[in-house]
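**Student:** Contents of structure-v8.txt (compact mmCIF, C-alpha atoms) are below:
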```txt
# COMPACT_ATOMS: atom_id res chain seq x y z
CA MET A 16 -1.32 -10.69 26.25
CA SER A 17 -0.32 -9.50 22.80
CA VAL A 18 -1.92 -10.17 19.43
CA LEU A 19 -0.54 -13.31 17.80
CA ALA A 20 -0.12 -13.45 14.01
CA VAL A 21 -1.37 -16.74 12.56
CA ASP A 22 -1.56 -18.24 9.07
CA ASP A 23 -3.05 -21.25 7.30
CA ASN A 24 -0.37 -23.51 8.79
CA ASN A 25 -0.96 -22.78 12.48
CA PHE A 26 -4.60 -21.59 12.51
CA GLU A 27 -5.95 -24.95 13.63
CA ASN A 28 -3.40 -25.28 16.43
CA GLU A 29 -3.71 -21.69 17.69
CA VAL A 30 -7.46 -21.14 17.20
CA ILE A 31 -9.41 -24.38 16.77
CA ASN A 32 -7.44 -26.28 19.44
CA SER A 33 -7.22 -23.36 21.90
CA ASP A 34 -8.39 -23.97 25.46
CA ASN A 35 -9.51 -20.32 25.67
CA PRO A 36 -12.00 -18.42 23.52
CA VAL A 37 -10.24 -16.77 20.56
CA LEU A 38 -10.91 -13.45 18.84
CA VAL A 39 -9.71 -13.67 15.23
CA ASP A 40 -9.07 -10.48 13.26
CA PHE A 41 -9.05 -11.15 9.50
CA TRP A 42 -7.30 -8.21 7.84
CA ALA A 43 -5.34 -7.08 4.78
CA GLU A 44 -2.45 -4.64 4.31
CA TRP A 45 -4.43 -2.53 1.78
CA CYS A 46 -7.49 -2.24 4.06
CA GLY A 47 -7.82 1.20 5.68
CA PRO A 48 -10.49 0.19 8.23
CA CYS A 49 -8.30 -2.80 9.19
CA LYS A 50 -5.41 -0.46 10.02
CA THR A 51 -7.74 1.77 12.04
CA LEU A 52 -9.06 -1.22 14.00
CA MET A 53 -5.66 -2.79 14.70
CA PRO A 54 -4.61 -0.50 17.62
CA VAL A 55 -8.02 -1.06 19.23
CA ILE A 56 -7.59 -4.84 18.93
CA GLU A 57 -4.07 -4.61 20.39
CA GLU A 58 -5.30 -2.51 23.31
CA LEU A 59 -8.11 -4.95 24.05
CA ALA A 60 -5.71 -7.90 23.82
CA GLY A 61 -3.72 -6.32 26.65
CA GLU A 62 -6.84 -5.73 28.73
CA LEU A 63 -8.31 -9.20 28.18
CA GLY A 64 -5.16 -10.89 29.40
CA ASP A 65 -5.46 -14.67 29.54
CA LYS A 66 -9.28 -14.76 29.30
CA VAL A 67 -9.35 -14.45 25.51
CA LYS A 68 -6.62 -15.24 22.99
CA VAL A 69 -6.41 -12.58 20.28
CA VAL A 70 -4.99 -13.46 16.86
CA LYS A 71 -4.79 -11.73 13.50
CA ILE A 72 -4.58 -13.36 10.11
CA ASN A 73 -3.58 -11.55 6.92
CA ILE A 74 -5.97 -12.82 4.24
CA GLU A 75 -3.39 -12.36 1.50
CA ASP A 76 -0.72 -14.40 3.28
CA ALA A 77 -3.22 -17.09 4.31
CA PRO A 78 -5.92 -17.47 1.65
CA ASP A 79 -7.24 -20.90 2.67
CA THR A 80 -8.60 -20.02 6.12
CA PRO A 81 -10.72 -17.01 5.05
CA THR A 82 -12.17 -19.09 2.21
CA LYS A 83 -13.02 -21.92 4.62
CA TYR A 84 -14.98 -19.52 6.83
CA GLY A 85 -16.74 -17.73 3.96
CA LEU A 86 -15.16 -14.31 4.40
CA ARG A 87 -16.75 -11.64 2.22
CA GLY A 88 -14.85 -8.57 3.40
CA VAL A 89 -12.28 -7.19 5.78
CA PRO A 90 -12.00 -6.40 8.55
CA THR A 91 -13.93 -9.42 9.76
CA LEU A 92 -13.83 -10.43 13.40
CA MET A 93 -14.82 -13.91 14.56
CA ILE A 94 -15.03 -15.33 18.05
CA PHE A 95 -14.21 -19.04 18.36
CA LYS A 96 -15.12 -21.13 21.39
CA ASP A 97 -14.33 -24.82 21.64
CA GLY A 98 -13.15 -24.78 18.02
CA LYS A 99 -16.36 -23.31 16.61
CA VAL A 100 -17.39 -19.84 15.44
CA VAL A 101 -19.84 -18.35 17.94
CA ASP A 102 -20.25 -14.92 16.33
CA THR A 103 -18.96 -12.80 13.45
CA ARG A 104 -18.81 -9.07 12.81
CA VAL A 105 -17.77 -7.39 9.57
CA GLY A 106 -16.32 -3.88 9.64
CA GLY A 107 -14.81 -1.69 12.26
CA MET A 108 -16.42 -0.67 15.53
CA PRO A 109 -15.56 1.57 18.48
CA LYS A 110 -13.59 0.04 21.33
CA ALA A 111 -16.52 0.04 23.79
CA GLN A 112 -18.78 -1.74 21.30
CA LEU A 113 -16.07 -4.28 20.46
CA SER A 114 -15.41 -4.93 24.15
CA ASP A 115 -19.13 -5.45 24.84
CA TRP A 116 -19.43 -7.81 21.86
CA ILE A 117 -16.48 -9.89 23.08
CA SER A 118 -17.91 -10.03 26.63
CA GLU A 119 -21.30 -11.20 25.35
CA ASN A 120 -19.71 -14.09 23.46
CA VAL A 121 -17.03 -15.48 25.78
```
Before anything else, please render the file you have as structure tokens.

**Tutor:**
Amino acid sequence: MSVLAVDDNNFENEVINSDNPVLVDFWAEWCGPCKTLMPVIEELAGELGDKVKVVKINIEDAPDTPTKYGLRGVPTLMIFKDGKVVDTRVGGMPKAQLSDWISENV
């Protein structure tokens, strides 16, 4: 499965109302660590298949959602299950650590 780009308009439908757990990558175009993390997220999205939906949201194109969830920096990763945040990580991390974190929370 590929990474789906979402915004303020479809966040609720794609994330909150999802039947599967969702990994949300909050990022920004100007953020170097976000760009470094993106290929790792895309690779994991392919490996996770249908078990976990993976979405990314550009905080500049969708300012309401990051504000609602109290974002303080990017990259921020959140895992949603049954419409609720179950865990949050701020900053980049190696693929193995990210994969373990996802597994622990879904």

**Student:** Each side padded by 3 Å, which centre and which edge lengths in Å (one decimal) define the axis-aligned box around the listed atoms of segment 112-119 of chain A? Give them as AutoDock Vina command-line options.

**Tutor:**
```
--center_x -18.4 --center_y -6.5 --center_z 23.5 --size_x 11.9 --size_y 15.5 --size_z 12.2
```

**Student:** Tell me which of A:Glu44, A:Asn32, A:Asp115, A:Tyr84 sits closest to Thr103 of chain A, counting all atoms listed in the file.

**Tutor:**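 Ranked by minimum distance to Thr103 of chain A, first place goes to A:Tyr84.
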
**Student:** Go through A:Asp22, A:Glu29, A:Asp102, A:Asp76 and flag the residue nearest Ser118 of chain A, using only C-alpha atoms for the distances.

**Tutor:**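 For Ser118 of chain A, the nearest of the candidates is A:Asp102.
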
**Student:** Within 8 Å of Phe41 of chain A, counting only C-alpha atoms, which residues show up once you throw out same-chain ones fewer than 2 positions away? Write them as a PyMOL selection string, please.

**Tutor:** chain A and resi 39+43+71-74+81+89-92

**Student:** Which one is closest to Lys50 of chain A: A:Val70, A:Gly106, A:Gln112, A:Asn120? Count only C-alpha atoms.

**Tutor:**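 The answer is A:Gly106, which sits nearest to Lys50 of chain A.
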
**Student:** Mind giving me the straight-line distance from atom CA of Ile31 of chain A to atom CA of Val100 of chain A in Å, one decimal?

**Tutor:**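 Separation between atom CA of Ile31 of chain A and atom CA of Val100 of chain A: 9.3 Å.
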
**Student:** Using only C-alpha atoms, pick whichever of A:Met93, A:Val67, A:Leu86, A:Leu59 has the shortest atom-to-atom distance to Ser33 of chain A.

**Tutor:**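 Using only C-alpha atoms, the shortest distance to Ser33 of chain A belongs to A:Val67.
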
**Student:** Determine, counting only C-alpha atoms, which protein, DNA and RNA residues have an atom within 10 Å of an atom of Asn35 of chain A; residues of the same chain fewer than 3 positions away are not included. Present the result as a PyMOL selection string.

**Tutor:** chain A and resi 29-32+38+65-69+95-98+121

**Student:** Could you check which of A:Asn28, A:Ile56, A:Gly85, A:Leu63 is closest to Leu113 of chain A, using only C-alpha atoms?

**Tutor:**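 For Leu113 of chain A, the nearest of the candidates is A:Ile56.
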
**Student:** Calculated over only C-alpha atoms, which of the candidates A:Thr80, A:Gly61, A:Cys46, A:Pro36 has the smallest distance to Val21 of chain A?

**Tutor:**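 Residue with the minimum atom-to-atom distance to Val21 of chain A: A:Thr80.
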
**Student:** For the atom pair atom CA of Leu52 of chain A and atom CA of Asp34 of chain A, what is the interatomic distance in Å to one decimal place?

**Tutor:**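 Separation between atom CA of Leu52 of chain A and atom CA of Asp34 of chain A: 25.5 Å.
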
**Student:** In Å, with one decimal, what is the gap from atom CA of Arg87 of chain A to atom CA of Asp23 of chain A?

**Tutor:**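 Between atom CA of Arg87 of chain A and atom CA of Asp23 of chain A the gap is 17.5 Å.
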